[in-house]
$ cat target-v8.txt   # compact mmCIF, C-alpha atoms
# COMPACT_ATOMS: atom_id res chain seq x y z
CA MET A 20 -43.88 -20.32 15.26
CA PHE A 21 -43.70 -22.56 12.22
CA GLY A 22 -43.86 -19.57 9.87
CA LYS A 23 -40.98 -17.91 11.62
CA LEU A 24 -38.94 -21.09 11.52
CA LYS A 25 -39.65 -21.43 7.82
CA GLU A 26 -38.52 -17.86 7.26
CA LYS A 27 -35.28 -18.65 8.98
CA LEU A 28 -34.83 -21.79 6.95
CA GLY A 29 -35.51 -19.73 3.83
CA LEU A 30 -32.71 -17.45 4.86
CA GLY A 31 -30.45 -20.43 5.30
CA GLY A 32 -30.62 -21.22 1.59
CA ASP A 33 -28.40 -18.72 -0.18
CA ASP A 34 -31.02 -17.45 -2.63
CA GLY A 35 -29.92 -13.85 -2.11
CA LEU A 36 -33.50 -12.81 -1.50
CA ALA A 37 -33.16 -11.90 2.13
CA VAL A 38 -30.55 -10.09 4.14
CA GLY A 39 -30.14 -10.83 7.83
CA ALA A 40 -29.33 -8.35 10.56
CA PRO A 41 -25.58 -7.60 10.67
CA VAL A 42 -25.98 -6.12 14.17
CA GLU A 43 -27.99 -7.15 17.20
CA GLY A 44 -30.53 -4.58 18.35
CA GLN A 45 -33.90 -3.03 17.61
CA ALA A 46 -34.93 -3.05 13.93
CA VAL A 47 -36.61 0.17 12.80
CA PRO A 48 -37.68 1.65 9.45
CA LEU A 49 -35.08 3.66 7.55
CA SER A 50 -37.46 6.64 7.79
CA GLU A 51 -36.55 6.89 11.50
CA VAL A 52 -32.98 7.83 10.58
CA SER A 53 -32.59 11.59 10.94
CA ASP A 54 -29.87 11.86 8.27
CA PRO A 55 -31.79 12.48 5.01
CA THR A 56 -29.17 10.59 2.96
CA PHE A 57 -30.49 7.46 4.65
CA GLY A 58 -33.97 8.53 5.77
CA GLN A 59 -34.94 9.63 2.27
CA GLU A 60 -33.40 6.49 0.78
CA ILE A 61 -30.87 8.38 -1.35
CA LEU A 62 -28.39 5.52 -0.86
CA GLY A 63 -31.10 2.89 -1.37
CA LYS A 64 -33.86 1.17 0.54
CA GLY A 65 -33.26 -0.93 3.62
CA ALA A 66 -33.72 -0.82 7.37
CA ALA A 67 -31.94 0.49 10.43
CA ILE A 68 -30.90 -1.04 13.71
CA ARG A 69 -30.47 0.58 17.10
CA PRO A 70 -27.57 -1.58 18.24
CA SER A 71 -27.56 -3.33 21.60
CA LYS A 72 -24.22 -5.04 20.92
CA GLY A 73 -21.13 -3.46 19.32
CA ARG A 74 -20.48 -6.04 16.62
CA VAL A 75 -21.04 -6.08 12.87
CA VAL A 76 -21.12 -9.46 11.16
CA SER A 77 -21.51 -10.21 7.49
CA PRO A 78 -25.20 -10.80 6.73
CA VAL A 79 -24.31 -12.75 3.57
CA ASP A 80 -21.73 -14.94 1.92
CA GLY A 81 -19.81 -12.58 -0.34
CA THR A 82 -16.96 -10.11 -0.67
CA VAL A 83 -15.96 -7.07 1.35
CA GLU A 84 -16.15 -4.33 -1.26
CA THR A 85 -15.09 -1.32 0.83
CA MET A 86 -14.04 -1.32 4.45
CA PHE A 87 -13.70 2.37 5.28
CA ASP A 88 -10.37 2.89 7.00
CA THR A 89 -12.26 4.73 9.74
CA GLY A 90 -14.15 1.49 10.42
CA HIS A 91 -17.49 3.29 10.63
CA ALA A 92 -18.95 1.70 7.51
CA VAL A 93 -18.50 -1.30 5.29
CA SER A 94 -19.97 -2.32 1.97
CA LEU A 95 -20.36 -5.89 0.80
CA ARG A 96 -21.25 -7.64 -2.42
CA ALA A 97 -23.20 -10.82 -1.79
CA ALA A 98 -22.45 -13.84 -3.94
CA ALA A 99 -25.97 -13.35 -5.32
CA GLY A 100 -25.10 -9.77 -6.42
CA THR A 101 -26.80 -7.81 -3.66
CA GLU A 102 -24.87 -4.65 -2.72
CA ILE A 103 -25.14 -3.87 0.98
CA LEU A 104 -23.91 -0.86 2.96
CA ILE A 105 -23.74 -1.07 6.74
CA HIS A 106 -23.14 2.35 8.32
CA VAL A 107 -22.60 2.38 12.08
CA GLY A 108 -23.99 5.62 13.51
CA LEU A 109 -24.52 8.96 11.79
CA ASP A 110 -21.65 11.30 10.91
CA THR A 111 -19.32 8.81 12.57
CA VAL A 112 -16.82 9.26 9.73
CA LYS A 113 -15.74 12.25 11.83
CA LEU A 114 -14.53 9.98 14.64
CA GLY A 115 -11.59 9.09 12.40
CA GLY A 116 -11.60 5.47 13.52
CA GLU A 117 -11.90 6.07 17.25
CA HIS A 118 -14.22 3.54 18.98
CA PHE A 119 -14.07 1.20 15.96
CA THR A 120 -12.01 -1.97 15.50
CA ILE A 121 -11.74 -3.40 12.00
CA HIS A 122 -11.72 -7.16 11.50
CA ALA A 123 -11.89 -7.45 7.70
CA LYS A 124 -10.33 -5.73 4.71
CA ASN A 125 -11.23 -4.88 1.12
CA GLY A 126 -11.51 -7.94 -1.07
CA ASP A 127 -11.92 -10.43 1.79
CA GLN A 128 -14.22 -13.35 1.05
CA VAL A 129 -16.60 -13.63 3.98
CA LYS A 130 -19.23 -16.07 5.15
CA LYS A 131 -22.53 -15.21 6.79
CA GLY A 132 -21.79 -14.46 10.46
CA ASP A 133 -18.10 -13.57 10.02
CA LEU A 134 -17.05 -10.65 12.24
CA LEU A 135 -16.37 -7.49 10.20
CA MET A 136 -15.89 -4.88 12.89
CA GLU A 137 -16.50 -4.04 16.51
CA PHE A 138 -17.57 -0.71 17.94
CA ASP A 139 -17.91 0.84 21.37
CA ILE A 140 -21.54 1.93 21.71
CA ALA A 141 -20.97 3.92 24.91
CA GLY A 142 -17.90 5.62 23.45
CA ILE A 143 -19.71 6.67 20.28
CA THR A 144 -22.88 7.92 21.98
CA GLY A 145 -20.74 9.57 24.68
CA ALA A 146 -18.92 11.51 21.96
CA GLY A 147 -22.33 12.89 20.93
CA TYR A 148 -23.14 10.70 17.92
CA ASP A 149 -26.40 8.93 17.08
CA ILE A 150 -25.58 5.21 17.05
CA ILE A 151 -28.44 4.20 14.75
CA THR A 152 -27.07 1.87 12.09
CA PRO A 153 -28.63 1.96 8.61
CA VAL A 154 -28.36 -1.18 6.49
CA VAL A 155 -28.97 -0.21 2.89
CA ILE A 156 -29.31 -2.09 -0.40
CA CYS A 157 -27.21 0.07 -2.77
CA ASN A 158 -28.55 -1.66 -5.89
CA THR A 159 -32.18 -1.22 -4.87
CA SER A 160 -33.04 -0.49 -8.51
CA ASP A 161 -32.11 -4.08 -9.46
CA TYR A 162 -35.06 -5.33 -7.39
CA ALA A 163 -38.81 -5.09 -7.84
CA ASP A 164 -39.22 -4.69 -4.12
CA VAL A 165 -37.04 -4.13 -1.05
CA SER A 166 -38.89 -4.33 2.25
CA ALA A 167 -37.81 -4.19 5.86
CA VAL A 168 -38.74 -6.47 8.73
CA THR A 169 -38.86 -3.97 11.58
CA GLY A 170 -40.47 -3.20 14.90
CA SER A 171 -38.87 -5.92 16.97
CA PRO A 172 -35.52 -6.84 18.45
CA VAL A 173 -33.21 -8.76 16.12
CA ALA A 174 -30.30 -11.04 16.91
CA GLU A 175 -27.39 -11.25 14.44
CA LEU A 176 -28.59 -12.81 11.14
CA ASP A 177 -32.31 -12.63 12.01
CA PRO A 178 -34.35 -11.61 8.94
CA LEU A 179 -34.06 -7.85 8.35
CA ILE A 180 -34.54 -7.05 4.65
CA ARG A 181 -36.47 -8.97 2.01
CA LEU A 182 -35.71 -8.63 -1.68
CA LYS A 183 -37.93 -9.47 -4.64
CA LYS A 184 -36.42 -9.72 -8.11
CA MET B 180 -16.66 14.21 -24.26
CA LYS B 181 -16.05 16.67 -21.44
CA ARG B 182 -13.45 16.28 -18.72
CA ILE B 183 -13.02 18.10 -15.44
CA GLU B 184 -10.17 17.81 -12.99
CA TYR B 185 -11.05 18.45 -9.37
CA THR B 186 -9.18 18.22 -6.08
CA ILE B 187 -11.30 17.16 -3.12
CA THR B 188 -11.24 19.79 -0.39
CA ASP B 189 -13.43 17.99 2.18
CA PRO B 190 -10.89 16.36 4.52
CA LEU B 191 -13.24 13.37 4.97
CA GLY B 192 -13.19 12.57 1.24
CA ILE B 193 -16.01 10.77 -0.59
CA HIS B 194 -17.73 8.84 2.20
CA ALA B 195 -21.30 7.55 2.25
CA ARG B 196 -23.26 10.80 2.37
CA PRO B 197 -21.42 12.69 -0.39
CA ALA B 198 -21.39 9.49 -2.48
CA GLY B 199 -25.18 9.36 -2.22
CA LEU B 200 -25.56 13.02 -3.08
CA LEU B 201 -23.15 12.65 -6.00
CA VAL B 202 -25.20 9.77 -7.42
CA LYS B 203 -28.33 11.87 -7.07
CA ALA B 204 -26.65 14.77 -8.91
CA ALA B 205 -25.41 12.45 -11.68
CA GLN B 206 -28.87 10.96 -12.14
CA GLY B 207 -30.08 14.38 -13.27
CA PHE B 208 -28.20 13.97 -16.56
CA GLU B 209 -28.49 11.62 -19.48
CA SER B 210 -24.75 11.48 -20.15
CA LYS B 211 -22.55 8.72 -18.84
CA ILE B 212 -20.52 10.22 -16.00
CA THR B 213 -17.35 8.57 -14.77
CA ILE B 214 -15.25 9.49 -11.74
CA ALA B 215 -11.64 8.37 -11.85
CA THR B 216 -8.64 8.42 -9.55
CA ASP B 217 -5.10 7.35 -10.46
CA ALA B 218 -6.01 3.84 -9.38
CA LYS B 219 -9.61 3.15 -10.47
CA SER B 220 -12.71 4.58 -12.06
CA ALA B 221 -16.39 4.33 -11.21
CA ASP B 222 -19.74 5.04 -12.82
CA ALA B 223 -21.07 8.09 -10.95
CA ARG B 224 -24.46 6.39 -10.67
CA ARG B 225 -23.11 3.40 -8.71
CA ILE B 226 -22.84 4.17 -5.01
CA MET B 227 -20.84 1.06 -4.20
CA ALA B 228 -18.31 1.78 -6.92
CA LEU B 229 -17.97 5.43 -5.86
CA MET B 230 -17.33 4.52 -2.24
CA GLY B 231 -14.91 1.87 -3.46
CA LEU B 232 -12.69 4.57 -4.99
CA CYS B 233 -11.78 5.48 -1.38
CA VAL B 234 -11.22 9.11 -2.37
CA LYS B 235 -9.59 11.09 0.43
CA GLY B 236 -9.40 14.81 1.11
CA GLY B 237 -6.71 16.44 -1.04
CA GLN B 238 -6.91 13.74 -3.72
CA ALA B 239 -7.42 14.69 -7.38
CA ILE B 240 -10.22 13.14 -9.40
CA THR B 241 -11.15 13.31 -13.06
CA VAL B 242 -14.79 13.53 -14.04
CA THR B 243 -15.70 12.48 -17.57
CA CYS B 244 -19.12 13.19 -19.09
CA GLU B 245 -20.15 11.65 -22.38
CA GLY B 246 -23.56 11.96 -24.02
CA PRO B 247 -26.15 14.35 -25.42
CA ASP B 248 -26.07 16.72 -22.42
CA GLU B 249 -22.36 16.44 -21.62
CA ASP B 250 -21.80 20.19 -21.40
CA ALA B 251 -24.58 20.63 -18.88
CA ALA B 252 -23.48 17.48 -17.04
CA ALA B 253 -19.89 18.72 -16.73
CA GLU B 254 -21.10 22.08 -15.44
CA GLY B 255 -23.52 20.42 -13.06
CA MET B 256 -20.91 18.04 -11.68
CA GLU B 257 -18.39 20.82 -11.26
CA SER B 258 -20.78 22.96 -9.25
CA PHE B 259 -21.84 19.92 -7.22
CA LEU B 260 -18.21 19.14 -6.37
CA LYS B 261 -17.44 22.74 -5.42
CA ALA B 262 -20.49 22.90 -3.17
CA ASN B 263 -20.13 19.51 -1.50
CA LEU B 264 -16.62 18.13 -1.74
$ encode --input "target-v8.txt" --output "structure tokens"
Amino acid sequence: MFGKLKEKLGLGGDDGLAVGAPVEGQAVPLSEVSDPTFGQEILGKGAAIRPSKGRVVSPVDGTVETMFDTGHAVSLRAAAGTEILIHVGLDTVKLGGEHFTIHAKNGDQVKKGDLLMEFDIAGITGAGYDIITPVVICNTSDYADVSAVTGSPVAELDPLIRLKK
Amino acid sequence: MKRIEYTITDPLGIHARPAGLLVKAAQGFESKITIATDAKSADARRIMALMGLCVKGGQAITVTCEGPDEDAAAEGMESFLKANL
């Protein structure tokens, strides 16, 4: 109990060494993502979430680097320099924005917990897409270690990825 | 220095997957490889920067390769683009 609380408190300090879950759901290893671009860590190391709620919040204090105009993915630069890509579903670029609602734009300064986008889980899965949501550290090579906290349900901002310089 | 002009044929443009594959292709060369649009340019090894170019289908890009293997890099990038974008 105490350890978990301490972890959360550690996350509260903005040391840039942990990234919380941007989406509520089940946290799983990136290797469970069937798209090799993510599963083979071509975009970087990280974790994935099977969403239970159609909301993406900023896991860090930082800047919105790229909000794709299709709303299916967003990249952020944390104040501490961490580069994070959140990609809702696989191949969802093809939806052309359908089932996604954008709540932030390029260059926006955001705080941890700020709403970035909403998505319709039933709509996306109903259209035949895998909803699994990879969360990837694009500058993985700037860290000695990037590890995922997976295997359990996560609420928004629960610990998801740990970074070691 | 070698330069290539290329017009993106994939209607979806440079989104996450092709950006990742492009970085992987660029990592195979020693030369510095830069992708530029009219508005911005990005190091081809930086995924965030590449996605940040927001390149759409039909848009023209310029690829610049500079370094000891720039000829091979330019050829490699050109065939990558033709095959993937």
$ closest_residue --input "target-v8.txt" --among "A:Asp88, A:Leu176, A:Glu51, A:Leu182" --to "Gly132 of chain A" --atoms "all atoms listed in the file"
A:Leu176
$ interface_residues --input "target-v8.txt" --of "chain B" --to "chain A" --cutoff "10 Å" --atoms "all atoms listed in the file" --output "number ranges by chain"
B: 190-192, 194-203, 225-233
$ atom_distance --input "target-v8.txt" --atom1 "atom CA of Thr188 of chain B" --atom2 "atom CA of Ala146 of chain A"
25.0 Å
$ closest_residue --input "target-v8.txt" --among "A:Ala174, A:Ala99, A:Val76, A:Ile140" --to "Asp161 of chain A" --atoms "all atoms listed in the file"
A:Ala99
$ atom_distance --input "target-v8.txt" --atom1 "atom CA of Gln59 of chain A" --atom2 "atom CA of Ile240 of chain B"
27.6 Å
$ closest_residue --input "target-v8.txt" --among "B:Ala223, B:Ser210, B:Thr216, B:Lys261" --to "Thr241 of chain B" --atoms "only C-alpha atoms"
B:Thr216
$ atom_distance --input "target-v8.txt" --atom1 "atom CA of Thr213 of chain B" --atom2 "atom CA of Cys244 of chain B"
6.6 Å
$ residues_near_point --input "target-v8.txt" --point "(-28.1, -9.1, 9.9)" --cutoff "10 Å" --atoms "all atoms listed in the file" --output "VMD selection string"
chain A and resid 37 to 44 46 68 75 to 79 105 131 to 132 154 173 to 180
$ residues_around --input "target-v8.txt" --residues "Ala163 of chain A" --least-positions-apart "6" --cutoff "12 Å" --atoms "all atoms listed in the file" --output "JSON list (two decimals) with C-alpha atoms, in the frame of the given file"
[["chain", "number", "residue", "atom", "x", "y", "z"],
["A", 36, "LEU", "CA", -33.50, -12.81, -1.50],
["A", 64, "LYS", "CA", -33.86, 1.17, 0.54],
["A", 181, "ARG", "CA", -36.47, -8.97, 2.01],
["A", 182, "LEU", "CA", -35.71, -8.63, -1.68],
["A", 183, "LYS", "CA", -37.93, -9.47, -4.64],
["A", 184, "LYS", "CA", -36.42, -9.72, -8.11]]
$ closest_residue --input "target-v8.txt" --among "B:Ala253, B:Ile212, B:Val242, B:Ala262" --to "Arg224 of chain B" --atoms "only C-alpha atoms"
B:Ile212
